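Colleague: Let me give you the structure first, and then I'll get to my questions.
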Amino acid sequence: MTIEEQIREIVARITHVDESIITRESTFKEIKADSLDIVQALVAVEEAFDIEIPDEEAQKFQNFGDFISYVENHVGQKEKA
Amino acid sequence: MSLEGKLALVTGSGRGIGRAVALKLASQGADIIVNFFRRRDAAEQTAKDVEALGVKAEVIRANVGDPAKIDEMFDTIGNNFGHLDILINNAASGVGRAVMDLDVKAWEWTMNINARAVLLCAQRAAKLMEGRGGKIISISSLGSFLVLPTYTIVGVSKAAVEALTRYLAIELAPKGICVNAVAASAVETEALKFYIKEQLMPDTRQATPAGRMVIPEDMANVVAFLCSEEAFMIRGQTIIVDGGTSVGLLTLVGKGAG
């Protein structure tokens, strides 16, 4: 399973939406996620990939594409380190 | 009031009240374990400032809403230090919603972090205090007995904290552990600025009888006193630090609270 697929699965589970509606272009607002959903999704993704996503970075995400790219870059960094 | 040689865990001590408590206890000689969840940079800054006071600091990340993470944190403390003298339950979160908008998820998130964590941390801390005694202080708020706008779950969680404080105080007394809580009115922190900006809370900054808002250091001073031997006979109490707000409520009508 790719990082993108795992993130979509986690977000869908937390926000109770169908995975198919989450694309790289969608936003948390579009899938009707509230602030608690967002925090829980961040925490679940952090735990799944053993990384930390600082709040100030998360606030910069415009859509799931940004979220996924951030995780892809940081998981990669950790493996290289 | 010296805490020299003591080891204190302060949950959520990257910012706000937790940070002020960590620095106050450090200034009295205690080594500090700085726990954080979301802001590593803030926690590392607290640790740096603690060390500048001439004591040791260790940073541990743990979401206290997750029992497994609490266990991991206390396993680390047990392995690295073998004991603990002071536990400050400060970490808190909450979902600001009207009663009719509350759901199970918001309830569990808030109660797990604010109330269940106090029990689980106290249980693990008490084992590390075995044979040496200790202090357990939890941070509460006026919302435990006063109604604040959109504060329901947090208020309920704080009522649970205060009730738990009484039970822990009695059951842990034979182990030489003093358990108390400190409750604040709105404290001038980043969290409060956010609440006022988002209009989730009225701006009562001008309406405190003492003439100014409670600041984190006011809380830290009382917490430090409760950690001292001078407070040995205070058990299971919640000390209110609010500059007179709660007892002067009726005098505040029309003074910025609306």
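Convention: chains lettered A, B, ... in structure tokens order; per-chain residue numbering from 1; ligands numbered from 1 as shown.
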Chain B residues within 10 Å of chain A, counting only C-alpha atoms: which ones, as a ChimeraX atom specification?

Modeller: /B:37-41,63,94-95,105-106,109

Colleague: Pick out the residues sitting within 10 Å of Ser20 (chain A), and hand them over as a VMD selection string; count only C-alpha atoms, and ignore anything fewer than 6 positions along from it in its own chain.

Modeller: chain A and resid 8 to 9 12

Colleague: Tell me which protein, DNA and RNA residues are within 10 Å of Glu130 (chain B), counting only C-alpha atoms, leaving out same-chain ones fewer than 3 positions away, and put them as a VMD selection string.

Modeller: chain B and resid 83 to 85 125 to 127 133 to 134 175 to 177

Colleague: Neighbouring residues of region 61-75 of chain A were defined as those with any atom within 7 Å, considering only C-alpha atoms; residues of the same chain fewer than 4 positions away were excluded. Please report them as a compact mmCIF listing (two decimals) with C-alpha atoms, in the first residue's frame.

Modeller:
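Output file result_11.txt is given in full below:
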# COMPACT_ATOMS: atom_id res chain seq x y z
CA ILE A 3 1.70 6.31 1.51
CA GLU A 4 -1.14 8.04 -0.32
CA THR A 23 -8.43 13.02 -3.85
CA ARG A 24 -5.17 14.97 -3.79
CA GLU A 25 -7.19 18.06 -4.65
CA SER A 26 -9.80 17.72 -1.90
CA THR A 27 -9.64 19.71 1.31
CA PHE A 49 4.55 6.62 9.81
CA ILE A 51 6.97 11.05 12.07
CA GLU A 79 14.78 6.35 6.05

Colleague: If you run DSSP on this backbone, which residues of region 20-248 of chain B come out as strand (DSSP E or B), and could you give them as a ChimeraX atom specification?

Modeller: /B:31-36,57-61,86-89,134-141,177-184,187,214,238-241

Colleague: So that I have them on file, write out the residues from the current selection with N, CA and C atoms, as a short mmCIF file (atom, residue, chain, number, x, y, z; two decimals), in the first residue's frame.

Modeller:
data_model
loop_
_atom_site.label_atom_id
_atom_site.label_comp_id
_atom_site.auth_asym_id
_atom_site.auth_seq_id
_atom_site.Cartn_x
_atom_site.Cartn_y
_atom_site.Cartn_z
N ASP B 31 14.58 18.78 39.13
CA ASP B 31 14.82 18.37 37.75
C ASP B 31 13.45 18.17 37.10
N ILE B 32 13.37 18.48 35.82
CA ILE B 32 12.05 18.51 35.17
C ILE B 32 11.97 17.58 33.96
N ILE B 33 10.91 16.80 33.90
CA ILE B 33 10.59 16.07 32.68
C ILE B 33 9.50 16.87 31.97
N VAL B 34 9.85 17.37 30.78
CA VAL B 34 8.94 18.21 30.00
C VAL B 34 8.18 17.30 29.03
N ASN B 35 6.91 17.12 29.29
CA ASN B 35 6.08 16.32 28.37
C ASN B 35 5.37 17.25 27.39
N PHE B 36 5.28 16.80 26.15
CA PHE B 36 4.52 17.56 25.15
C PHE B 36 3.86 16.59 24.19
N ALA B 57 16.87 18.65 32.55
CA ALA B 57 15.57 18.58 31.87
C ALA B 57 15.60 17.43 30.87
N GLU B 58 14.48 16.74 30.76
CA GLU B 58 14.35 15.71 29.73
C GLU B 58 13.00 15.92 29.04
N VAL B 59 13.01 15.81 27.72
CA VAL B 59 11.77 16.02 26.96
C VAL B 59 11.20 14.66 26.55
N ILE B 60 9.93 14.44 26.83
CA ILE B 60 9.27 13.19 26.42
C ILE B 60 7.98 13.52 25.69
N ARG B 61 7.84 13.02 24.47
CA ARG B 61 6.61 13.23 23.72
C ARG B 61 5.61 12.13 24.08
N ILE B 86 7.27 14.33 41.89
CA ILE B 86 6.15 15.26 41.66
C ILE B 86 5.53 14.99 40.30
N LEU B 87 4.19 14.90 40.27
CA LEU B 87 3.47 14.80 38.99
C LEU B 87 2.54 16.00 38.89
N ILE B 88 2.68 16.76 37.82
CA ILE B 88 1.75 17.87 37.56
C ILE B 88 0.92 17.50 36.33
N ASN B 89 -0.36 17.26 36.56
CA ASN B 89 -1.28 16.95 35.45
C ASN B 89 -1.79 18.26 34.87
N GLY B 134 5.28 11.68 47.70
CA GLY B 134 5.30 12.56 46.53
C GLY B 134 4.13 13.52 46.52
N LYS B 135 4.07 14.26 45.44
CA LYS B 135 2.99 15.25 45.28
C LYS B 135 2.36 15.06 43.90
N ILE B 136 1.05 15.09 43.86
CA ILE B 136 0.34 15.05 42.58
C ILE B 136 -0.60 16.26 42.55
N ILE B 137 -0.36 17.15 41.59
CA ILE B 137 -1.18 18.36 41.48
C ILE B 137 -1.78 18.40 40.07
N SER B 138 -3.08 18.64 40.00
CA SER B 138 -3.74 18.72 38.69
C SER B 138 -4.27 20.13 38.47
N ILE B 139 -4.26 20.54 37.22
CA ILE B 139 -4.75 21.88 36.88
C ILE B 139 -6.22 21.77 36.47
N SER B 140 -7.05 22.57 37.13
CA SER B 140 -8.48 22.56 36.83
C SER B 140 -8.91 23.97 36.40
N SER B 141 -10.20 24.18 36.31
CA SER B 141 -10.66 25.52 35.94
C SER B 141 -12.02 25.81 36.55
N ILE B 177 1.62 10.40 49.73
CA ILE B 177 1.45 11.23 48.54
C ILE B 177 0.35 12.27 48.80
N CYS B 178 0.68 13.54 48.59
CA CYS B 178 -0.28 14.64 48.75
C CYS B 178 -0.89 14.94 47.38
N VAL B 179 -2.21 14.94 47.32
CA VAL B 179 -2.88 15.17 46.03
C VAL B 179 -3.81 16.38 46.15
N ASN B 180 -3.63 17.35 45.26
CA ASN B 180 -4.48 18.54 45.24
C ASN B 180 -4.65 19.03 43.81
N ALA B 181 -5.50 20.04 43.65
CA ALA B 181 -5.69 20.65 42.33
C ALA B 181 -5.65 22.16 42.47
N VAL B 182 -5.37 22.82 41.37
CA VAL B 182 -5.39 24.28 41.33
C VAL B 182 -6.27 24.69 40.16
N ALA B 183 -7.29 25.47 40.46
CA ALA B 183 -8.24 25.86 39.40
C ALA B 183 -8.09 27.34 39.08
N ALA B 184 -8.06 27.63 37.81
CA ALA B 184 -7.91 29.02 37.38
C ALA B 184 -9.17 29.51 36.70
N VAL B 187 -6.86 32.19 32.08
CA VAL B 187 -5.46 32.57 32.28
C VAL B 187 -4.92 33.13 30.98
N VAL B 214 -5.35 36.62 35.47
CA VAL B 214 -4.45 35.62 36.04
C VAL B 214 -3.41 35.31 34.96
N THR B 238 -9.16 21.77 45.95
CA THR B 238 -8.94 22.54 44.73
C THR B 238 -8.80 24.00 45.13
N ILE B 239 -7.61 24.53 44.94
CA ILE B 239 -7.35 25.93 45.30
C ILE B 239 -7.68 26.80 44.08
N ILE B 240 -8.53 27.79 44.29
CA ILE B 240 -8.94 28.66 43.17
C ILE B 240 -8.04 29.89 43.06
N VAL B 241 -7.52 30.09 41.86
CA VAL B 241 -6.66 31.24 41.58
C VAL B 241 -7.35 32.04 40.49
#

Colleague: Just asking: which residues within region 52-188 of chain B are helix (DSSP H, G or I) according to DSSP, as a PyMOL selection string?

Modeller: chain B and resi 67-80+99-101+104-128+142-144+152-175
